[in-house]
Amino acid sequence: MTATESSSYGASDITVLEGLEAVRKRPGMYIGSTGPTGLHHLVWEVVDNSVDEAMAGHCTRIDITLTADGACEVSDDGRGIPVDKHPKYEDLSAAEVVLTVLHAGGKFGGEGYKVSGGLHGVGISVVNALSQRVEVEIDREGTRHAMVFGDGGELKERLAPIGASPVVDGTPRTGTTVRFWPDPTIFDEVEFRFQTLIERFQMMAFLNRGLEIRVRDLRENARPIAPQGTDSDGSDADGSEAQWVVFKYDGGIIDFVSHVNASKDALFEIVGYFEGAETIADNAHEAEIAFQWNTGFNSDGLHSFANGIATREGGMHEQGFRTALTRTVNAYAREKGILKEKDDNLQGEDIREGLTAIISVRIGEPQFEGQTKSKLGNVSMRSLVERVTNERLAEWLEEHPGEAKVMVTKATNAARARMAASDARKAIRSKSLLDGAGMPDKLKDCSAKEPERRELFIVEGDSAGGSAVRARDPETQAILPIRGKILNVERARIDKMLKNNEVQTLITAIGAGFADDFDVEQARYHKVILLADADVDGSHIRTLLLTFFFRQMRPLVEAGFVYIAQPPLYSTKVSNKETVYLKDDTAKDAFIAERPNYNKDFQRLKGLGEMDWDELRDTTMDVGSRSLLQVSVDQAAIADEVMSILMGDDVEQRKNFIVTNAREVRNLDF
Ligand code: 0RA
């Protein structure tokens with residue numbers, strides 16, 4: 001039966017279809033874009049409805065399937081969308097209204113839900129409007145009902161009973177299944193990305209304690225999935241072979257914190273947790289917070305959510321937590337005599353060093369603000385979180401003196417490091433730099449005055465450094481030998497890093513400060529050239545140096561001032577007088593291809609340390625014959641990532657990274 005055939009499809013339906021037409025005309029207004037983000041928005045919208053049903057206490061499991069024929073199916077065991085006639089649209093059932101009327105959602109017919117998935121919340125009707133086909137099945141009161149929509153939300157088959165609901169544990173099942181095929185005339189592409197679904201549903205499962213979310217990919221080219229989540233069951237209840245990825249966390253955000261800290265060294269075993277709630281002017285407010293410190297030095301481990309949506313720009317809930325955390329920890333440290341009267345207060349960043357915390361709040365009428373609408377604006381939430389944290393964190397510290405002590409000690413160390421770094425900055429800045437005074441002994445500087453003409457060669461090892469000094473043009477080329485491997489800047493805290501001799505020397509030689517104070521205008525050279533062997537050690541030191549530049553002198557990389565020298569791998573004497581140098585195997589192959597009858601030997605060049613100084617000059621330093629690779633910010637970023645993961649404690653992550661990034665890692669071996 002089509003919409004026109006159905007006799008009871010009357011006047012109110014005109015406005016209904018006009019509403020959906022508006023969505024099709026301006027999809028961006030409802031789902032942000034028609035690219036991949038907008039496409040996945042459809043999935044979030046449908047799943048949010050099931051999550052709302054779970055939050056109302058009526059749904060324990062949500063199954064999401066990417067079907068072989070391109071649909072996304074979302075099935076829940078909630079109460080089922082009501083199937084009786086809708087009071088306002090008399091000719092339609094409530095379920096038909098939910099699918100065709102903008103903003104009908106769960107809010108119609110009285111109570112609705114107290115707290116719902118705020119930001120999305122545009123309603124399943126938007127999904128219907130932007131799909132070429134939608135099938136809905138509802139199990140309710142022992143009967144299975146079904147309806148079908150097509151061509152952007154037109155009712156193709158009206159809601160009708162199709163049989164009995166299956167009986168589970170002696171009672172007929174209840175629930176809703178929505179299956180939709182996104183409209184290819186609306187979206188740039190209609191292929192869902194399984195990994196995107198996985199990531200979001202894991203987060204949702206963390207944020208909705210006890211809710212089971214299962215996801216599977218039945219498409220032809222579905223990539224086999226590594227077991228993840230709490231459980232990955234090999235077979236389905238209906239006997240199909242597909243792998244469900246299962247997420248269910250009975251600890252909620254406590255498990256979230258453990259998950260984040262799993263790849264790090266936790267400072268203590270337990271994860272702290274507290275919650276609070278209040279109703280202000282009929283507006284429900286709930287907040288829960290879980291936290292644990294790790295031994296790391298990052299102070300950006302605070303993640304906040306409002307109504308299940310990541311608030312990346314922070315907002316009132318975060319502000320309340322930060323204020324109360326700083327206040328409470330300082331009060332505790334003073335009371336216990338860890339901070340003496342003469343000591344300054346710990347700063348927020350000291351206390352947050354190594355902290356992993358999840359703040360999850362629910363609020364009846366959330367206000368999302370900011371550039372990306374991901375900042376919570378409700379002032380009333382700040383006071384709730386601040387008050388709850390003040391009270392409950394103070395209690396927690398009293399009840400966990402051992403944990404409190406290591407945490408406060410860590411914060412005290414962080415404060416000391418912060419002050420040491422600030423002193424070091426002042427010292428480096430106060431040196432008069434451009435005139436060469438205060439330059440390290442190891443630096444053999446050049447005499448040209450204009451930074452554009454000056455080149456700094458950073459050379460691995462003293463002996464190569466010696467050759468380079470003889471090979472250089474003393475007017476424009478400066479040599480800085482670096483011994484061994486410089487400290488890994490990724491893992492070291494700033495004060496430790498600044499105590500490292502090689503790092504100090506580098507900062508002083510370049511003369512433009514570092515980190516936040518770095519000013520590329522002050523750089524004493526416009527070419528900083530890394531010169532290291534083509535072997536594994538050379539590659540390691542290059543990666544370390546790039547990590548350093550990426551972390552501490554990024555504008556130098558952005559300006560295109562960082563280069564890698566590429567000494568040739570081969571040489572061959574074409575005649576008594578002339579030697580040809582060849583950069584790598586490709587260059588050698590090309591050389592042979594051009595001269596089929598060439599019968600002379602190729603020498604593999606020695607490491608930098610064993611090169612004669614004139615050889616070093618002719619192959620690597622002479623402006624006319626050398627080959628330099630300008631380092632892009634992307635390359636430096638990869639070096640940085642390689643370093644942080646390779647130096648990390650997480651063996652699994654290391655393996656995964658090397659496998660999935662083999663190409664990039666190899667490319668780093670320039
Ligand atoms: C409106 C009212 C009720 C439930 C729902 C909507 C509902 C919607 C969706 C969408 C996906 N799954 C869903 N499950 C439930 C309450 C019905 C009642 O009072 O029994």
# chains A, B, ... in the order shown; residues from 1 in each chain; ligands from 1

call {"tool": "residues_near_ligand", "arguments": {"ligand": "ligand 1", "cutoff": "6 Å", "atoms": "only C-alpha atoms and all ligand atoms", "output": "PyMOL selection string"}}
result
chain A and resi 49-50+53+78-82+106+176

call {"tool": "residues_around", "arguments": {"residues": "Pro172 of chain A", "least_positions_apart": "6", "cutoff": "9 Å", "atoms": "only C-alpha atoms", "output": "PyMOL selection string"}}
result
chain A and resi 139-143+164-166

call {"tool": "select_by_dssp", "arguments": {"residues": "segment 58-154 of chain A", "states": "strand (DSSP E)", "output": "PyMOL selection string"}}
result
chain A and resi 61-66+72-76+131-140+143-150+154

call {"tool": "write_last_selection", "arguments": {"atoms": "N, CA, C and O atoms", "output": "short mmCIF file (atom, residue, chain, number, x, y, z; two decimals), in the first residue's frame"}}
result
data_model
loop_
_atom_site.label_atom_id
_atom_site.label_comp_id
_atom_site.auth_asym_id
_atom_site.auth_seq_id
_atom_site.Cartn_x
_atom_site.Cartn_y
_atom_site.Cartn_z
N ARG A 61 20.30 -3.49 25.82
CA ARG A 61 21.24 -3.85 24.76
C ARG A 61 20.87 -3.15 23.45
O ARG A 61 19.69 -3.04 23.12
N ILE A 62 21.89 -2.72 22.72
CA ILE A 62 21.68 -2.13 21.40
C ILE A 62 22.62 -2.86 20.44
O ILE A 62 23.82 -2.99 20.71
N ASP A 63 22.05 -3.38 19.35
CA ASP A 63 22.84 -4.07 18.33
C ASP A 63 22.89 -3.21 17.07
O ASP A 63 21.85 -2.79 16.58
N ILE A 64 24.09 -2.98 16.58
CA ILE A 64 24.22 -2.19 15.35
C ILE A 64 24.90 -3.07 14.29
O ILE A 64 25.95 -3.65 14.54
N THR A 65 24.27 -3.15 13.13
CA THR A 65 24.81 -3.99 12.05
C THR A 65 24.94 -3.18 10.77
O THR A 65 24.00 -2.47 10.39
N LEU A 66 26.09 -3.26 10.14
CA LEU A 66 26.21 -2.76 8.77
C LEU A 66 25.89 -3.94 7.87
O LEU A 66 26.61 -4.94 7.86
N CYS A 72 22.33 0.48 7.54
CA CYS A 72 22.74 0.41 8.93
C CYS A 72 21.49 0.03 9.72
O CYS A 72 20.44 0.65 9.57
N GLU A 73 21.61 -1.02 10.51
CA GLU A 73 20.47 -1.50 11.28
C GLU A 73 20.75 -1.28 12.76
O GLU A 73 21.82 -1.65 13.25
N VAL A 74 19.80 -0.68 13.45
CA VAL A 74 19.94 -0.44 14.88
C VAL A 74 18.78 -1.11 15.59
O VAL A 74 17.62 -0.80 15.31
N SER A 75 19.09 -2.03 16.48
CA SER A 75 18.04 -2.81 17.12
C SER A 75 18.19 -2.71 18.63
O SER A 75 19.29 -2.93 19.15
N ASP A 76 17.12 -2.35 19.33
CA ASP A 76 17.23 -2.28 20.79
C ASP A 76 16.15 -3.12 21.45
O ASP A 76 15.19 -3.54 20.81
N SER A 131 17.10 9.29 3.72
CA SER A 131 17.36 7.91 3.34
C SER A 131 16.54 7.54 2.11
O SER A 131 15.45 8.06 1.89
N GLN A 132 17.08 6.61 1.32
CA GLN A 132 16.28 6.15 0.17
C GLN A 132 15.27 5.10 0.61
O GLN A 132 14.25 4.90 -0.04
N ARG A 133 15.54 4.45 1.73
CA ARG A 133 14.60 3.46 2.26
C ARG A 133 14.82 3.33 3.76
O ARG A 133 15.96 3.36 4.24
N VAL A 134 13.71 3.18 4.49
CA VAL A 134 13.80 2.93 5.94
C VAL A 134 12.79 1.83 6.29
O VAL A 134 11.63 1.90 5.87
N GLU A 135 13.25 0.83 7.01
CA GLU A 135 12.34 -0.22 7.49
C GLU A 135 12.35 -0.19 9.01
O GLU A 135 13.41 -0.07 9.63
N VAL A 136 11.16 -0.28 9.59
CA VAL A 136 11.07 -0.25 11.05
C VAL A 136 10.25 -1.44 11.52
O VAL A 136 9.23 -1.76 10.93
N GLU A 137 10.77 -2.12 12.54
CA GLU A 137 9.98 -3.17 13.18
C GLU A 137 9.87 -2.86 14.65
O GLU A 137 10.84 -2.43 15.28
N ILE A 138 8.69 -3.07 15.19
CA ILE A 138 8.45 -2.76 16.60
C ILE A 138 7.81 -3.97 17.27
O ILE A 138 6.78 -4.46 16.79
N ASP A 139 8.43 -4.43 18.34
CA ASP A 139 7.83 -5.48 19.16
C ASP A 139 7.22 -4.81 20.37
O ASP A 139 7.92 -4.15 21.16
N ARG A 140 5.91 -4.98 20.52
CA ARG A 140 5.20 -4.33 21.62
C ARG A 140 3.92 -5.09 21.91
O ARG A 140 3.21 -5.47 20.97
N THR A 143 3.05 -8.27 19.91
CA THR A 143 2.89 -8.25 18.45
C THR A 143 4.07 -7.55 17.78
O THR A 143 4.57 -6.54 18.29
N ARG A 144 4.48 -8.11 16.64
CA ARG A 144 5.49 -7.41 15.84
C ARG A 144 4.78 -6.57 14.79
O ARG A 144 3.90 -7.05 14.08
N HIS A 145 5.15 -5.29 14.74
CA HIS A 145 4.58 -4.36 13.76
C HIS A 145 5.70 -3.95 12.82
O HIS A 145 6.87 -3.92 13.22
N ALA A 146 5.30 -3.62 11.58
CA ALA A 146 6.33 -3.19 10.64
C ALA A 146 5.81 -2.06 9.78
O ALA A 146 4.59 -1.94 9.55
N MET A 147 6.73 -1.21 9.31
CA MET A 147 6.37 -0.17 8.33
C MET A 147 7.60 0.12 7.49
O MET A 147 8.73 -0.18 7.88
N VAL A 148 7.36 0.71 6.31
CA VAL A 148 8.45 0.98 5.37
C VAL A 148 8.28 2.38 4.80
O VAL A 148 7.16 2.80 4.47
N PHE A 149 9.40 3.10 4.70
CA PHE A 149 9.41 4.42 4.06
C PHE A 149 10.38 4.39 2.89
O PHE A 149 11.30 3.57 2.87
N GLY A 150 10.18 5.30 1.95
CA GLY A 150 11.11 5.34 0.83
C GLY A 150 11.14 6.70 0.18
O GLY A 150 10.28 7.56 0.47
N GLU A 154 8.76 9.13 2.42
CA GLU A 154 7.35 8.83 2.10
C GLU A 154 6.95 7.48 2.68
O GLU A 154 7.69 6.51 2.58
#

call {"tool": "closest_residue", "arguments": {"among": "A:Ser422, A:Asp462, A:Phe305, A:Ala415", "to": "Leu339 of chain A", "atoms": "only C-alpha atoms"}}
result
A:Ala415

call {"tool": "residues_around", "arguments": {"residues": "Val379 of chain A", "least_positions_apart": "5", "cutoff": "9 Å", "atoms": "only C-alpha atoms", "output": "MDAnalysis selection string"}}
result
chainID A and resid 315:317

call {"tool": "write_last_selection", "arguments": {"atoms": "C-alpha atoms", "output": "short mmCIF file (atom, residue, chain, number, x, y, z; two decimals), in the first residue's frame"}}
result
data_model
loop_
_atom_site.label_atom_id
_atom_site.label_comp_id
_atom_site.auth_asym_id
_atom_site.auth_seq_id
_atom_site.Cartn_x
_atom_site.Cartn_y
_atom_site.Cartn_z
CA GLY A 315 32.96 24.49 29.63
CA MET A 316 31.37 25.01 32.99
CA HIS A 317 31.64 21.42 34.23
#

call {"tool": "residues_around", "arguments": {"residues": "segment 467-477 of chain A", "least_positions_apart": "3", "cutoff": "7 Å", "atoms": "only C-alpha atoms", "output": "short mmCIF file (atom, residue, chain, number, x, y, z; two decimals) with N, CA and C atoms, in the first residue's frame"}}
result
data_model
loop_
_atom_site.label_atom_id
_atom_site.label_comp_id
_atom_site.auth_asym_id
_atom_site.auth_seq_id
_atom_site.Cartn_x
_atom_site.Cartn_y
_atom_site.Cartn_z
N CYS A 446 80.14 30.36 12.03
CA CYS A 446 80.57 30.95 10.77
C CYS A 446 80.60 32.47 10.92
N SER A 447 81.18 33.15 9.95
CA SER A 447 81.41 34.57 10.15
C SER A 447 80.35 35.48 9.52
N ALA A 448 79.59 34.97 8.55
CA ALA A 448 78.57 35.81 7.92
C ALA A 448 77.59 36.31 8.98
N ARG A 453 72.10 33.71 5.13
CA ARG A 453 73.27 33.12 4.49
C ARG A 453 73.93 32.07 5.37
N ARG A 454 73.48 31.95 6.61
CA ARG A 454 74.18 31.08 7.56
C ARG A 454 73.55 29.70 7.62
N GLU A 455 74.40 28.68 7.66
CA GLU A 455 73.94 27.30 7.76
C GLU A 455 74.55 26.65 9.00
N LEU A 456 73.71 25.91 9.73
CA LEU A 456 74.23 25.17 10.88
C LEU A 456 74.16 23.67 10.57
N SER A 463 84.34 12.89 15.63
CA SER A 463 85.30 12.73 14.54
C SER A 463 84.70 13.24 13.23
N ALA A 464 83.43 12.93 12.99
CA ALA A 464 82.77 13.50 11.81
C ALA A 464 82.73 15.01 11.93
N ASP A 612 87.06 11.00 4.31
CA ASP A 612 88.06 12.06 4.30
C ASP A 612 87.32 13.39 4.25
N TRP A 613 88.02 14.42 4.75
CA TRP A 613 87.31 15.70 4.82
C TRP A 613 86.97 16.24 3.43
N ASP A 614 87.87 15.97 2.45
CA ASP A 614 87.56 16.50 1.12
C ASP A 614 86.42 15.72 0.46
N LEU A 616 83.93 14.45 2.20
CA LEU A 616 82.75 14.99 2.87
C LEU A 616 82.32 16.31 2.23
N ARG A 617 83.34 17.12 1.92
CA ARG A 617 83.03 18.41 1.27
C ARG A 617 82.38 18.18 -0.10
N MET A 621 78.69 18.67 1.66
CA MET A 621 78.62 20.05 2.17
C MET A 621 78.71 21.09 1.06
#

call {"tool": "residues_around", "arguments": {"residues": "Ser632 of chain A", "least_positions_apart": "3", "cutoff": "12 Å", "atoms": "only C-alpha atoms", "output": "ChimeraX atom specification"}}
result
/A:546,549-550,554-564,629,635-639,668

call {"tool": "atom_distance", "arguments": {"atom1": "atom CA of Asp350 of chain A", "atom2": "atom CA of Tyr332 of chain A"}}
result
14.7 Å

call {"tool": "closest_residue", "arguments": {"among": "A:Met55, A:Thr323, A:Ala281, A:Gly123", "to": "Ala205 of chain A", "atoms": "only C-alpha atoms"}}
result
A:Met55

call {"tool": "residues_around", "arguments": {"residues": "Arg387 of chain A", "least_positions_apart": "6", "cutoff": "12 Å", "atoms": "only C-alpha atoms", "output": "list of chain:residue names"}}
result
A:Phe274, A:Glu275, A:Gly276, A:Ala277, A:Glu278, A:Ala287, A:His317, A:Gln319, A:Gly320, A:Phe321, A:Arg322, A:Thr323, A:Ala324, A:Leu325, A:Arg327, A:Thr328, A:Ser380, A:Met381, A:Leu393, A:Ala394

call {"tool": "closest_residue", "arguments": {"among": "A:Lys449, A:His540, A:Arg334, A:Lys88", "to": "Ile486 of chain A", "atoms": "only C-alpha atoms"}}
result
A:His540

call {"tool": "closest_residue", "arguments": {"among": "A:Pro27, A:Pro87, A:Gly624, A:Gly252", "to": "Val122 of chain A", "atoms": "only C-alpha atoms"}}
result
A:Pro27

call {"tool": "closest_residue", "arguments": {"among": "A:Pro184, A:Gly364, A:Pro36, A:Gly19", "to": "Ser125 of chain A", "atoms": "only C-alpha atoms"}}
result
A:Gly19

call {"tool": "residues_around", "arguments": {"residues": "Ile479 of chain A", "least_positions_apart": "4", "cutoff": "8 Å", "atoms": "only C-alpha atoms", "output": "ChimeraX atom specification"}}
result
/A:443-445,456-459,465,468-469

call {"tool": "atom_distance", "arguments": {"atom1": "atom CA of Phe187 of chain A", "atom2": "atom CA of Val127 of chain A"}}
result
12.1 Å

call {"tool": "closest_residue", "arguments": {"among": "A:Gln630, A:Thr171, A:Asn208, A:Thr572", "to": "Thr60 of chain A", "atoms": "only C-alpha atoms"}}
result
A:Asn208
